[in-house]
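Undergrad: To be precise about what I am sending: the file is called entry-v3.txt and holds compact mmCIF, C-alpha atoms and all ligand atoms.
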```
# COMPACT_ATOMS: atom_id res chain seq x y z
CA MET A 1 0.00 0.00 0.00
CA ASP A 2 1.40 3.45 -0.89
CA ASP A 3 1.28 6.50 1.41
CA ASN A 4 -2.14 7.40 0.05
CA GLY A 5 -3.72 4.07 0.84
CA ILE A 6 -3.66 2.51 -2.62
CA ARG A 7 -2.51 -1.10 -2.79
CA ARG A 8 -4.83 -2.95 -5.14
CA VAL A 9 -6.43 -1.39 -8.22
CA CYS A 10 -9.03 -2.67 -10.63
CA ILE A 11 -8.80 -1.53 -14.27
CA ILE A 12 -12.08 -1.93 -16.09
CA GLY A 13 -11.52 -2.00 -19.84
CA ALA A 14 -7.91 -3.14 -19.32
CA SER A 15 -7.39 -4.60 -22.81
CA GLY A 16 -8.00 -1.36 -24.75
CA ARG A 17 -5.28 1.11 -25.67
CA LEU A 18 -5.89 3.37 -22.67
CA GLY A 19 -6.41 0.33 -20.45
CA GLN A 20 -3.07 -1.23 -21.33
CA TYR A 21 -1.22 2.01 -20.59
CA MET A 22 -2.99 2.14 -17.24
CA VAL A 23 -1.99 -1.45 -16.46
CA ALA A 24 1.65 -0.60 -17.22
CA HIS A 25 1.61 2.57 -15.08
CA ALA A 26 -0.11 0.75 -12.22
CA LEU A 27 2.46 -2.03 -12.23
CA ASP A 28 5.24 0.59 -12.34
CA ARG A 29 3.82 1.98 -9.11
CA GLY A 30 3.88 -1.43 -7.50
CA TYR A 31 0.11 -1.80 -7.31
CA GLU A 32 -1.62 -5.16 -7.46
CA VAL A 33 -3.73 -5.09 -10.61
CA VAL A 34 -7.05 -6.72 -11.43
CA GLY A 35 -8.05 -6.20 -15.07
CA VAL A 36 -11.53 -6.61 -16.54
CA CYS A 37 -11.94 -7.15 -20.28
CA ARG A 38 -14.19 -8.95 -22.70
CA GLU A 39 -13.47 -12.70 -23.01
CA ARG A 40 -12.43 -12.25 -26.63
CA SER A 41 -9.82 -9.64 -25.62
CA VAL A 42 -8.01 -11.56 -22.88
CA GLY A 43 -5.18 -12.31 -25.33
CA LYS A 44 -4.44 -8.58 -25.64
CA LEU A 45 -3.23 -8.69 -22.03
CA GLN A 46 -0.80 -11.53 -22.72
CA ALA A 47 2.24 -9.36 -21.97
CA PHE A 48 0.95 -8.76 -18.43
CA ALA A 49 -0.67 -12.15 -17.85
CA ASP A 50 1.78 -13.35 -15.18
CA ARG A 51 1.62 -10.07 -13.25
CA ILE A 52 -2.09 -9.27 -13.10
CA THR A 53 -5.36 -11.01 -12.30
CA ILE A 54 -7.73 -11.00 -15.27
CA VAL A 55 -11.49 -11.16 -14.80
CA PRO A 56 -13.03 -11.82 -18.22
CA GLY A 57 -16.47 -10.48 -19.02
CA ASP A 58 -18.49 -7.54 -20.25
CA THR A 59 -17.89 -4.46 -18.17
CA ASN A 60 -21.62 -3.88 -17.66
CA ASP A 61 -22.08 -7.38 -16.23
CA ARG A 62 -22.78 -6.69 -12.58
CA ARG A 63 -21.48 -10.08 -11.40
CA VAL A 64 -18.20 -9.49 -13.21
CA ILE A 65 -17.75 -6.05 -11.68
CA ARG A 66 -18.75 -7.25 -8.20
CA THR A 67 -16.04 -9.93 -8.34
CA ALA A 68 -13.38 -7.68 -9.86
CA VAL A 69 -13.66 -4.68 -7.52
CA ALA A 70 -13.73 -6.69 -4.29
CA GLY A 71 -10.88 -5.53 -2.05
CA CYS A 72 -9.72 -2.78 -4.43
CA ASP A 73 -8.63 0.60 -3.07
CA GLY A 74 -8.76 2.23 -6.50
CA ILE A 75 -10.89 1.55 -9.56
CA LEU A 76 -10.03 2.95 -12.99
CA THR A 77 -12.89 2.63 -15.47
CA VAL A 78 -12.75 3.22 -19.22
CA LEU A 79 -16.25 4.47 -20.05
CA VAL A 80 -17.20 3.68 -23.64
CA PRO A 81 -20.61 3.99 -25.26
CA TRP A 82 -20.53 0.85 -27.41
CA GLY A 83 -23.86 -0.57 -28.58
CA VAL A 84 -27.29 0.48 -27.40
CA ARG A 85 -27.63 -1.71 -24.31
CA GLN A 86 -26.51 0.69 -21.58
CA TYR A 87 -22.85 -0.31 -21.78
CA SER A 88 -21.57 2.92 -20.21
CA SER A 89 -24.32 3.51 -17.65
CA GLY A 90 -24.43 -0.18 -16.72
CA THR A 91 -20.67 -0.20 -16.16
CA ALA A 92 -20.69 3.01 -14.12
CA GLN A 93 -23.65 1.91 -12.01
CA ALA A 94 -22.08 -1.46 -11.23
CA VAL A 95 -18.86 0.25 -10.12
CA LEU A 96 -20.79 2.74 -7.97
CA ASP A 97 -22.84 -0.09 -6.43
CA PHE A 98 -20.08 -2.58 -5.68
CA ALA A 99 -16.93 -0.53 -4.97
CA ASP A 100 -15.84 -0.17 -1.38
CA PRO A 101 -17.35 3.13 -0.12
CA ASN A 102 -13.84 4.46 0.57
CA ALA A 103 -12.35 3.42 -2.76
CA ARG A 104 -11.10 6.05 -5.20
CA LEU A 105 -13.07 5.81 -8.42
CA VAL A 106 -11.63 7.34 -11.60
CA PHE A 107 -13.57 7.23 -14.87
CA SER A 108 -12.49 8.20 -18.41
CA CYS A 109 -14.56 9.89 -21.10
CA GLY A 110 -14.22 12.74 -23.59
CA TRP A 111 -14.77 16.50 -23.49
CA HIS A 112 -18.19 15.93 -25.02
CA VAL A 113 -19.44 15.04 -21.53
CA PRO A 114 -20.50 18.30 -19.84
CA ARG A 115 -20.10 18.76 -16.09
CA ASP A 116 -22.17 21.92 -15.82
CA GLU A 117 -23.27 25.07 -17.62
CA ASN A 118 -19.74 26.49 -17.48
CA ASP A 119 -18.57 24.06 -20.16
CA ARG A 120 -18.66 25.91 -23.47
CA TYR A 121 -18.91 24.21 -26.84
CA PRO A 122 -18.74 26.00 -30.19
CA TRP A 123 -22.01 25.91 -32.13
CA ALA A 124 -20.42 23.78 -34.90
CA THR A 125 -19.23 21.20 -32.36
CA ARG A 126 -22.69 21.00 -30.80
CA MET A 127 -24.28 20.45 -34.19
CA ALA A 128 -21.71 17.85 -35.23
CA ASN A 129 -22.06 15.98 -31.91
CA SER A 130 -25.81 15.99 -32.21
CA VAL A 131 -25.75 14.56 -35.73
CA VAL A 132 -23.12 11.92 -34.89
CA THR A 133 -25.04 10.94 -31.75
CA ARG A 134 -28.30 10.41 -33.64
CA VAL A 135 -26.76 8.61 -36.61
CA MET A 136 -24.61 6.27 -34.50
CA ARG A 137 -27.55 5.40 -32.27
CA ALA A 138 -29.79 4.75 -35.26
CA LEU A 139 -27.09 2.40 -36.59
CA ARG A 140 -26.95 0.82 -33.09
CA VAL A 141 -23.15 1.28 -33.03
CA ILE A 142 -22.68 3.67 -30.11
CA ASP A 143 -24.99 5.48 -27.73
CA VAL A 144 -23.40 8.73 -26.60
CA GLU A 145 -26.53 9.64 -24.63
CA ASP A 146 -25.89 6.56 -22.48
CA GLN A 147 -22.35 7.79 -21.73
CA LEU A 148 -23.84 11.14 -20.67
CA ASP A 149 -26.26 9.24 -18.45
CA ALA A 150 -23.32 7.33 -16.94
CA ALA A 151 -21.60 10.63 -16.14
CA ARG A 152 -24.74 12.08 -14.55
CA ARG A 153 -24.99 9.03 -12.27
CA ILE A 154 -21.36 9.47 -11.23
CA PHE A 155 -21.76 13.23 -10.64
CA ALA A 156 -24.77 12.50 -8.39
CA SER A 157 -22.87 9.93 -6.34
CA ASP A 158 -21.42 10.48 -2.87
CA SER A 159 -18.49 8.22 -3.66
CA ARG A 160 -14.91 9.48 -4.04
CA TRP A 161 -15.04 9.86 -7.83
CA THR A 162 -13.12 11.74 -10.51
CA VAL A 163 -14.26 11.88 -14.15
CA VAL A 164 -11.27 12.60 -16.41
CA ARG A 165 -12.42 14.16 -19.67
CA GLY A 166 -9.91 13.52 -22.45
CA SER A 167 -9.11 15.61 -25.49
CA ASP A 168 -8.43 13.94 -28.84
CA LEU A 169 -5.76 11.32 -28.22
CA GLU A 170 -2.56 10.42 -30.03
CA GLU A 171 0.21 7.90 -29.58
CA GLY A 172 3.78 8.92 -28.83
CA GLU A 173 6.33 9.41 -26.09
CA SER A 174 5.17 10.74 -22.77
CA GLN A 175 5.20 14.52 -22.31
CA GLY A 176 4.50 14.17 -18.59
CA LEU A 177 1.33 14.76 -16.63
CA PRO A 178 -1.32 16.63 -18.68
CA VAL A 179 -2.64 19.99 -17.48
CA TRP A 180 -6.33 20.43 -16.84
CA SER A 181 -9.21 22.82 -16.55
CA ARG A 182 -12.60 22.58 -14.87
CA HIS A 183 -14.31 23.89 -17.96
CA VAL A 184 -14.38 22.71 -21.56
CA GLY A 185 -13.79 25.79 -23.71
CA ASP A 186 -11.02 27.17 -21.49
CA PRO A 187 -8.18 28.55 -23.69
CA ILE A 188 -5.64 26.24 -22.04
CA LEU A 189 -7.39 23.31 -23.74
CA ALA A 190 -7.46 24.78 -27.24
CA SER A 191 -4.78 22.46 -28.70
CA ASN A 192 -7.09 19.46 -28.09
CA ARG A 193 -4.31 16.84 -28.04
CA THR A 194 -3.07 14.48 -25.36
CA ARG A 195 -0.73 11.53 -25.63
CA ARG A 196 -2.64 8.39 -24.67
CA THR A 197 0.11 7.27 -22.29
CA ASP A 198 -0.22 10.63 -20.49
CA TYR A 199 -3.99 10.29 -20.24
CA ALA A 200 -3.32 6.99 -18.46
CA LEU A 201 -0.77 8.74 -16.25
CA PHE A 202 -3.39 11.32 -15.23
CA MET A 203 -5.89 8.56 -14.42
CA LEU A 204 -3.33 6.92 -12.11
CA GLU A 205 -2.30 10.24 -10.57
CA ALA A 206 -5.95 11.01 -9.79
CA LEU A 207 -6.10 7.97 -7.52
CA THR A 208 -3.88 9.71 -5.00
CA ASP A 209 -4.78 13.36 -5.61
CA ASP A 210 -7.55 14.25 -3.19
CA ALA A 211 -7.91 17.67 -4.84
CA LEU A 212 -9.49 15.83 -7.78
CA ILE A 213 -12.22 14.17 -5.73
CA ARG A 214 -15.63 15.06 -7.27
CA GLU A 215 -13.95 16.99 -10.06
CA ALA A 216 -14.29 16.41 -13.81
CA PRO A 217 -10.95 17.71 -15.13
CA ALA A 218 -10.74 18.29 -18.89
CA ILE A 219 -7.14 17.51 -19.81
CA VAL A 220 -4.66 18.48 -22.53
CA GLY A 221 -1.01 17.56 -23.18
CA ARG A 222 1.37 19.63 -21.09
CA LEU A 223 3.65 20.44 -24.06
CA THR A 224 0.87 21.46 -26.45
CA PRO A 225 0.89 25.11 -27.58
CA SER A 226 -2.25 26.03 -25.63
CA ALA A 227 -0.91 24.46 -22.44
CA LEU A 228 2.44 26.24 -22.82
CA ALA A 229 0.72 29.54 -23.53
CA HIS A 230 -1.75 29.45 -20.64
CA ALA A 231 -0.35 27.23 -17.89
CA GLY A 232 0.42 29.23 -14.79
N1 LIG B 301 -10.04 8.11 -28.92
C1 LIG B 301 -10.03 9.39 -28.60
O1 LIG B 301 -9.52 10.28 -29.34
C2 LIG B 301 -10.62 9.84 -27.29
C3 LIG B 301 -10.80 11.20 -27.06
C4 LIG B 301 -11.28 11.63 -25.83
C5 LIG B 301 -11.58 10.71 -24.84
N2 LIG B 301 -11.44 9.39 -25.08
C6 LIG B 301 -11.79 8.45 -24.02
O2 LIG B 301 -10.67 7.64 -23.73
C7 LIG B 301 -11.11 6.37 -23.31
C8 LIG B 301 -10.37 5.32 -24.11
O3 LIG B 301 -10.55 5.57 -25.46
P1 LIG B 301 -9.63 4.90 -26.57
O4 LIG B 301 -9.99 5.58 -27.86
O5 LIG B 301 -8.20 4.92 -26.15
O6 LIG B 301 -10.20 3.46 -26.66
P2 LIG B 301 -9.54 2.10 -26.25
O7 LIG B 301 -8.92 2.25 -24.93
O8 LIG B 301 -8.72 1.59 -27.36
O9 LIG B 301 -10.81 1.13 -26.16
C9 LIG B 301 -11.85 1.40 -25.28
C10 LIG B 301 -12.53 0.15 -24.78
O10 LIG B 301 -13.62 -0.18 -25.63
C11 LIG B 301 -13.74 -1.58 -25.65
N3 LIG B 301 -14.51 -1.97 -26.82
C12 LIG B 301 -14.17 -1.84 -28.12
N4 LIG B 301 -15.18 -2.28 -28.90
C13 LIG B 301 -16.15 -2.68 -28.06
C14 LIG B 301 -17.46 -3.24 -28.25
N5 LIG B 301 -17.97 -3.44 -29.47
N6 LIG B 301 -18.19 -3.54 -27.15
C15 LIG B 301 -17.69 -3.33 -25.93
N7 LIG B 301 -16.47 -2.82 -25.68
C16 LIG B 301 -15.73 -2.50 -26.75
C17 LIG B 301 -12.32 -2.04 -25.67
O11 LIG B 301 -12.31 -3.37 -25.22
P3 LIG B 301 -11.66 -4.55 -26.06
O12 LIG B 301 -10.19 -4.52 -25.75
O13 LIG B 301 -12.38 -5.74 -25.51
O14 LIG B 301 -11.95 -4.32 -27.53
C18 LIG B 301 -11.67 -1.08 -24.68
O15 LIG B 301 -11.76 -1.55 -23.37
C19 LIG B 301 -12.62 6.35 -23.44
O16 LIG B 301 -13.20 6.60 -22.19
C20 LIG B 301 -12.90 7.50 -24.40
O17 LIG B 301 -14.18 8.08 -24.15
C21 LIG B 301 -10.97 8.92 -26.27
```
For this file, produce the structure as structure tokens.
Ligand SMILES: NC(=O)c1ccc[n+]([C@@H]2O[C@H](COP(=O)([O-])OP(=O)(O)OC[C@H]3O[C@@H](n4cnc5c(N)ncnc54)[C@H](OP(=O)(O)O)[C@@H]3O)[C@@H](O)[C@H]2O)c1
TA:
Amino acid sequence: MDDNGIRRVCIIGASGRLGQYMVAHALDRGYEVVGVCRERSVGKLQAFADRITIVPGDTNDRRVIRTAVAGCDGILTVLVPWGVRQYSSGTAQAVLDFADPNARLVFSCGWHVPRDENDRYPWATRMANSVVTRVMRALRVIDVEDQLDAARRIFASDSRWTVVRGSDLEEGESQGLPVWSRHVGDPILASNRTRRTDYALFMLEALTDDALIREAPAIVGRLTPSALAHAG
């Protein structure tokens, strides 16, 4: 257990790109890791197989989540809106229901998830999001509204949560811990780029940063032009 009380972490969505970076960062910190991923994706975690416990299953399967989060001090959840069967909200609700009340819960999503009325989106972005949301739902591919519902459930919870809202992501060497703002639309975020490995770093860092409890930081790469121009 580290100084901030984190010993065992569960990573829900461990086999994805963000998930695998989070597994690597968690192991680097000496945490015990439990990873949840779909049965078909277990092979993607092969490189970590002898160092982590894998719980196969859909992330919105309540029995899977109940088993995986037992005894975990921190839970890192990749929220994704796949399909039209409450994948995001089901995942978030299961985590909220079964996590230890004192556990640190950190969820990922994108800037498109608003925290409050202080988040500002350009008109063109709102229109584009609205069209994409309706088309993708009609095609039954993704349900962004369900991801928004997931976030609302988290925001309403008394648990020790953080919702990390990512910019567009890219691969590449780490630039260090991203900078963040409370509000989408803040000039510091204008570059809209974060290295995926650094997004994972921020998720891990949030586990032990009590200043982020019940915050929904919108993040951007620390070496991006907007971050360099506006960071204090
Ligand atoms: N991509 C971006 O530019 C971007 C921008 C802002 C925020 N974000 C946020 O960052 C997080 C990670 O995004 P990412 O782009 O890096 O994705 P990712 O980590 O590569 O994959 C996300 C997850 O989706 C799962 N998944 C894929 N297809 C699925 C399906 N049909 N049904 C159920 N699960 C499925 C993957 O599991 P498997 O391994 O089983 O396939 C994986 O756990 C998300 O919370 C996203 O909202 C992404």
Undergrad: Can you pull out the residues contacting Glu170 (chain A)? Cut-off 8 Å, using all atoms listed in the file, and skip same-chain residues under 6 positions away; I want them as an MDAnalysis selection string.
TA: chainID A and resid 193:196
Undergrad: Would you write out those residues with C-alpha atoms, as a CSV table (one decimal), in the coordinates of the input?
TA:
```csv
chain,number,residue,atom,x,y,z
A,193,ARG,CA,-4.3,16.8,-28.0
A,194,THR,CA,-3.1,14.5,-25.4
A,195,ARG,CA,-0.7,11.5,-25.6
A,196,ARG,CA,-2.6,8.4,-24.7
```
Undergrad: Show me which residues are within 6 Å of ligand LIG 301 (chain B) counting all atoms listed in the file, and format the list as a ChimeraX atom specification.
TA: /A:13-19,37-38,41,78-80,82,108-110,166-169
Undergrad: Rank nothing, just name the residue among A:Ile213, A:Val144, A:Leu223, A:Ala229 nearest to Ser130 (chain A), using all atoms listed in the file.
TA: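 With all atoms listed in the file as the atom set, the closest residue is A:Val144.
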Undergrad: Can you pull out every residue within 12 Å of region 119-126 of chain A, counting all atoms listed in the file, but drop anything in the same chain fewer than 6 positions away, and send it as a list in words?
TA: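 Here the answer would be Trp111, His112, Val113, Val132, Thr133, Arg165, Ser181, Arg182, His183, Val184, Gly185, Asp186, Pro187, Leu189, Ala190, Ala216, Pro217 and Ala218 of chain A.
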Undergrad: Quick one: pull the distance between CA of Val9 (chain A) and CA of Tyr199 (chain A), Å, one decimal.
TA: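 Value for the CA of Val9 (chain A)-CA of Tyr199 (chain A) distance: 16.9 Å.
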Undergrad: Just give me the residues with any atom within 10 Å of (-1.2, 7.9, -12.3), file coordinates, counting only C-alpha atoms, written as a ChimeraX atom specification.
TA: /A:22,25-26,28-29,177,198-209
Undergrad: Please determine, counting all atoms listed in the file, which residue among A:Gly90, A:Gly74, A:Pro81, A:Pro225 has the shortest atom-to-atom distance to Leu105 (chain A).
TA: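 Closest residue, counting all atoms listed in the file: A:Gly74.
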Undergrad: In Å, with one decimal, what is the gap from CA of Leu96 (chain A) to CA of Asp146 (chain A)?
TA: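 Value for the CA of Leu96 (chain A)-CA of Asp146 (chain A) distance: 15.8 Å.
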Undergrad: What is the distance between CA of Trp161 (chain A) and CA of Gln20 (chain A), in Å to one decimal?
TA: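 Separating CA of Trp161 (chain A) from CA of Gln20 (chain A) is a distance of 21.2 Å.
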Undergrad: Smallest atom-to-atom distance to Leu76 (chain A): which of A:Ala49, A:Ala92, A:Ala103, A:Ile12, using only C-alpha atoms?
TA: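 Ranking A:Ala49, A:Ala92, A:Ala103, A:Ile12 by distance to Leu76 (chain A), first place goes to A:Ile12.
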Undergrad: Which one is closest to His230 (chain A): A:Ser88, A:Ser191, A:Asn60, A:Thr197? Count only C-alpha atoms.
TA: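 Looking at the shortest contact to His230 (chain A), the residue is A:Ser191.
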Undergrad: Select, from A:Val95, A:Asn129, A:Tyr87, A:Ser159, the residue with the minimum atom-to-atom distance to Gln147 (chain A), counting all atoms listed in the file.
TA: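 The answer is A:Tyr87, which sits nearest to Gln147 (chain A).
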Undergrad: Taking only C-alpha atoms into account, name the residue in A:Asp143, A:Glu39, A:Glu173, A:Thr162 that is nearest to Ala211 (chain A).
TA: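 For Ala211 (chain A), the nearest of the candidates is A:Thr162.
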Undergrad: Which residues are close to Val55 (chain A), i.e. within 12 Å by all atoms listed in the file, leaving aside same-chain residues fewer than 3 positions away? Reply as JSON, numbers by chain.
TA: {"A": [10, 11, 12, 13, 14, 15, 33, 34, 35, 36, 37, 38, 39, 40, 41, 42, 45, 49, 52, 58, 59, 61, 63, 64, 65, 66, 67, 68, 69, 70]}
Undergrad: Using all atoms listed in the file, find all polymer residues with an atom at most 9 Å away from the point (-10.0, -1.4, -1.3); report them as a list in words.
TA: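 Applying the cut-off with all atoms listed in the file, one gets Gly5, Ile6, Arg7, Arg8, Val9, Val69, Ala70, Gly71, Cys72, Asp73, Gly74, Ile75, Ala99, Asp100, Pro101, Asn102, Ala103 and Arg104 of chain A.
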Undergrad: Would you mind listing what lies within 7 Å of Val84 (chain A) as an mmCIF file with C-alpha atoms, in the coordinates of the input, with only C-alpha atoms counted and same-chain residues fewer than 5 positions away left out?
TA:
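Below is the file that was written, around-v4.cif:
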```
data_model
loop_
_atom_site.group_PDB
_atom_site.id
_atom_site.type_symbol
_atom_site.label_atom_id
_atom_site.label_comp_id
_atom_site.auth_asym_id
_atom_site.auth_seq_id
_atom_site.Cartn_x
_atom_site.Cartn_y
_atom_site.Cartn_z
ATOM 1 C CA ARG A 137 -27.550 5.400 -32.270
ATOM 2 C CA ARG A 140 -26.950 0.820 -33.090
ATOM 3 C CA ILE A 142 -22.680 3.670 -30.110
ATOM 4 C CA ASP A 143 -24.990 5.480 -27.730
#
```
Undergrad: Output region 39-72 of chain A as a compact mmCIF listing (two decimals), keeping the file's coordinate frame, making sure N, CA and C atoms are there.
TA:
```txt
# COMPACT_ATOMS: atom_id res chain seq x y z
N GLU A 39 -14.13 -11.37 -22.85
CA GLU A 39 -13.47 -12.70 -23.01
C GLU A 39 -12.60 -12.72 -24.26
N ARG A 40 -13.15 -12.17 -25.36
CA ARG A 40 -12.43 -12.25 -26.63
C ARG A 40 -11.14 -11.42 -26.62
N SER A 41 -10.98 -10.54 -25.65
CA SER A 41 -9.82 -9.64 -25.62
C SER A 41 -8.75 -10.04 -24.61
N VAL A 42 -8.98 -11.15 -23.92
CA VAL A 42 -8.01 -11.56 -22.88
C VAL A 42 -6.60 -11.67 -23.47
N GLY A 43 -6.49 -12.15 -24.70
CA GLY A 43 -5.18 -12.31 -25.33
C GLY A 43 -4.41 -11.01 -25.46
N LYS A 44 -5.13 -9.88 -25.51
CA LYS A 44 -4.44 -8.58 -25.64
C LYS A 44 -3.62 -8.25 -24.39
N LEU A 45 -3.94 -8.96 -23.29
CA LEU A 45 -3.23 -8.69 -22.03
C LEU A 45 -2.12 -9.71 -21.78
N GLN A 46 -1.80 -10.47 -22.83
CA GLN A 46 -0.80 -11.53 -22.72
C GLN A 46 0.50 -11.04 -22.06
N ALA A 47 0.95 -9.85 -22.47
CA ALA A 47 2.24 -9.36 -21.97
C ALA A 47 2.22 -9.15 -20.45
N PHE A 48 1.03 -9.01 -19.88
CA PHE A 48 0.95 -8.76 -18.43
C PHE A 48 0.43 -9.98 -17.66
N ALA A 49 0.14 -11.05 -18.40
CA ALA A 49 -0.67 -12.15 -17.85
C ALA A 49 -0.11 -12.72 -16.54
N ASP A 50 1.23 -12.75 -16.40
CA ASP A 50 1.78 -13.35 -15.18
C ASP A 50 1.89 -12.34 -14.04
N ARG A 51 1.48 -11.09 -14.31
CA ARG A 51 1.62 -10.07 -13.25
C ARG A 51 0.31 -9.48 -12.79
N ILE A 52 -0.79 -9.82 -13.49
CA ILE A 52 -2.09 -9.27 -13.10
C ILE A 52 -3.12 -10.39 -13.02
N THR A 53 -4.22 -10.09 -12.33
CA THR A 53 -5.36 -11.01 -12.30
C THR A 53 -6.35 -10.52 -13.34
N ILE A 54 -6.77 -11.41 -14.22
CA ILE A 54 -7.73 -11.00 -15.27
C ILE A 54 -9.10 -11.59 -14.96
N VAL A 55 -10.10 -10.71 -14.97
CA VAL A 55 -11.49 -11.16 -14.80
C VAL A 55 -12.17 -10.94 -16.14
N PRO A 56 -12.42 -12.00 -16.89
CA PRO A 56 -13.03 -11.82 -18.22
C PRO A 56 -14.53 -11.57 -18.12
N GLY A 57 -15.02 -10.71 -18.98
CA GLY A 57 -16.47 -10.48 -19.02
C GLY A 57 -16.79 -9.08 -19.49
N ASP A 58 -18.06 -8.87 -19.83
CA ASP A 58 -18.49 -7.54 -20.25
C ASP A 58 -18.45 -6.60 -19.04
N THR A 59 -18.08 -5.37 -19.31
CA THR A 59 -17.89 -4.46 -18.17
C THR A 59 -19.21 -4.01 -17.56
N ASN A 60 -20.33 -4.23 -18.28
CA ASN A 60 -21.62 -3.88 -17.66
C ASN A 60 -22.30 -5.11 -17.06
N ASP A 61 -21.55 -6.18 -16.90
CA ASP A 61 -22.08 -7.38 -16.23
C ASP A 61 -21.84 -7.21 -14.74
N ARG A 62 -22.91 -7.04 -13.99
CA ARG A 62 -22.78 -6.69 -12.58
C ARG A 62 -22.02 -7.75 -11.77
N ARG A 63 -22.19 -9.03 -12.15
CA ARG A 63 -21.48 -10.08 -11.40
C ARG A 63 -19.98 -9.98 -11.64
N VAL A 64 -19.62 -9.65 -12.87
CA VAL A 64 -18.20 -9.49 -13.21
C VAL A 64 -17.59 -8.35 -12.40
N ILE A 65 -18.29 -7.22 -12.39
CA ILE A 65 -17.75 -6.05 -11.68
C ILE A 65 -17.70 -6.32 -10.17
N ARG A 66 -18.73 -6.96 -9.65
CA ARG A 66 -18.75 -7.25 -8.20
C ARG A 66 -17.52 -8.07 -7.82
N THR A 67 -17.21 -9.08 -8.61
CA THR A 67 -16.04 -9.93 -8.34
C THR A 67 -14.75 -9.13 -8.46
N ALA A 68 -14.65 -8.34 -9.54
CA ALA A 68 -13.38 -7.68 -9.86
C ALA A 68 -13.01 -6.58 -8.86
N VAL A 69 -14.00 -5.84 -8.37
CA VAL A 69 -13.66 -4.68 -7.52
C VAL A 69 -13.49 -5.05 -6.05
N ALA A 70 -13.82 -6.29 -5.70
CA ALA A 70 -13.73 -6.69 -4.29
C ALA A 70 -12.30 -6.46 -3.77
N GLY A 71 -12.18 -5.75 -2.68
CA GLY A 71 -10.88 -5.53 -2.05
C GLY A 71 -10.00 -4.50 -2.73
N CYS A 72 -10.54 -3.77 -3.71
CA CYS A 72 -9.72 -2.78 -4.43
C CYS A 72 -9.83 -1.40 -3.78
```
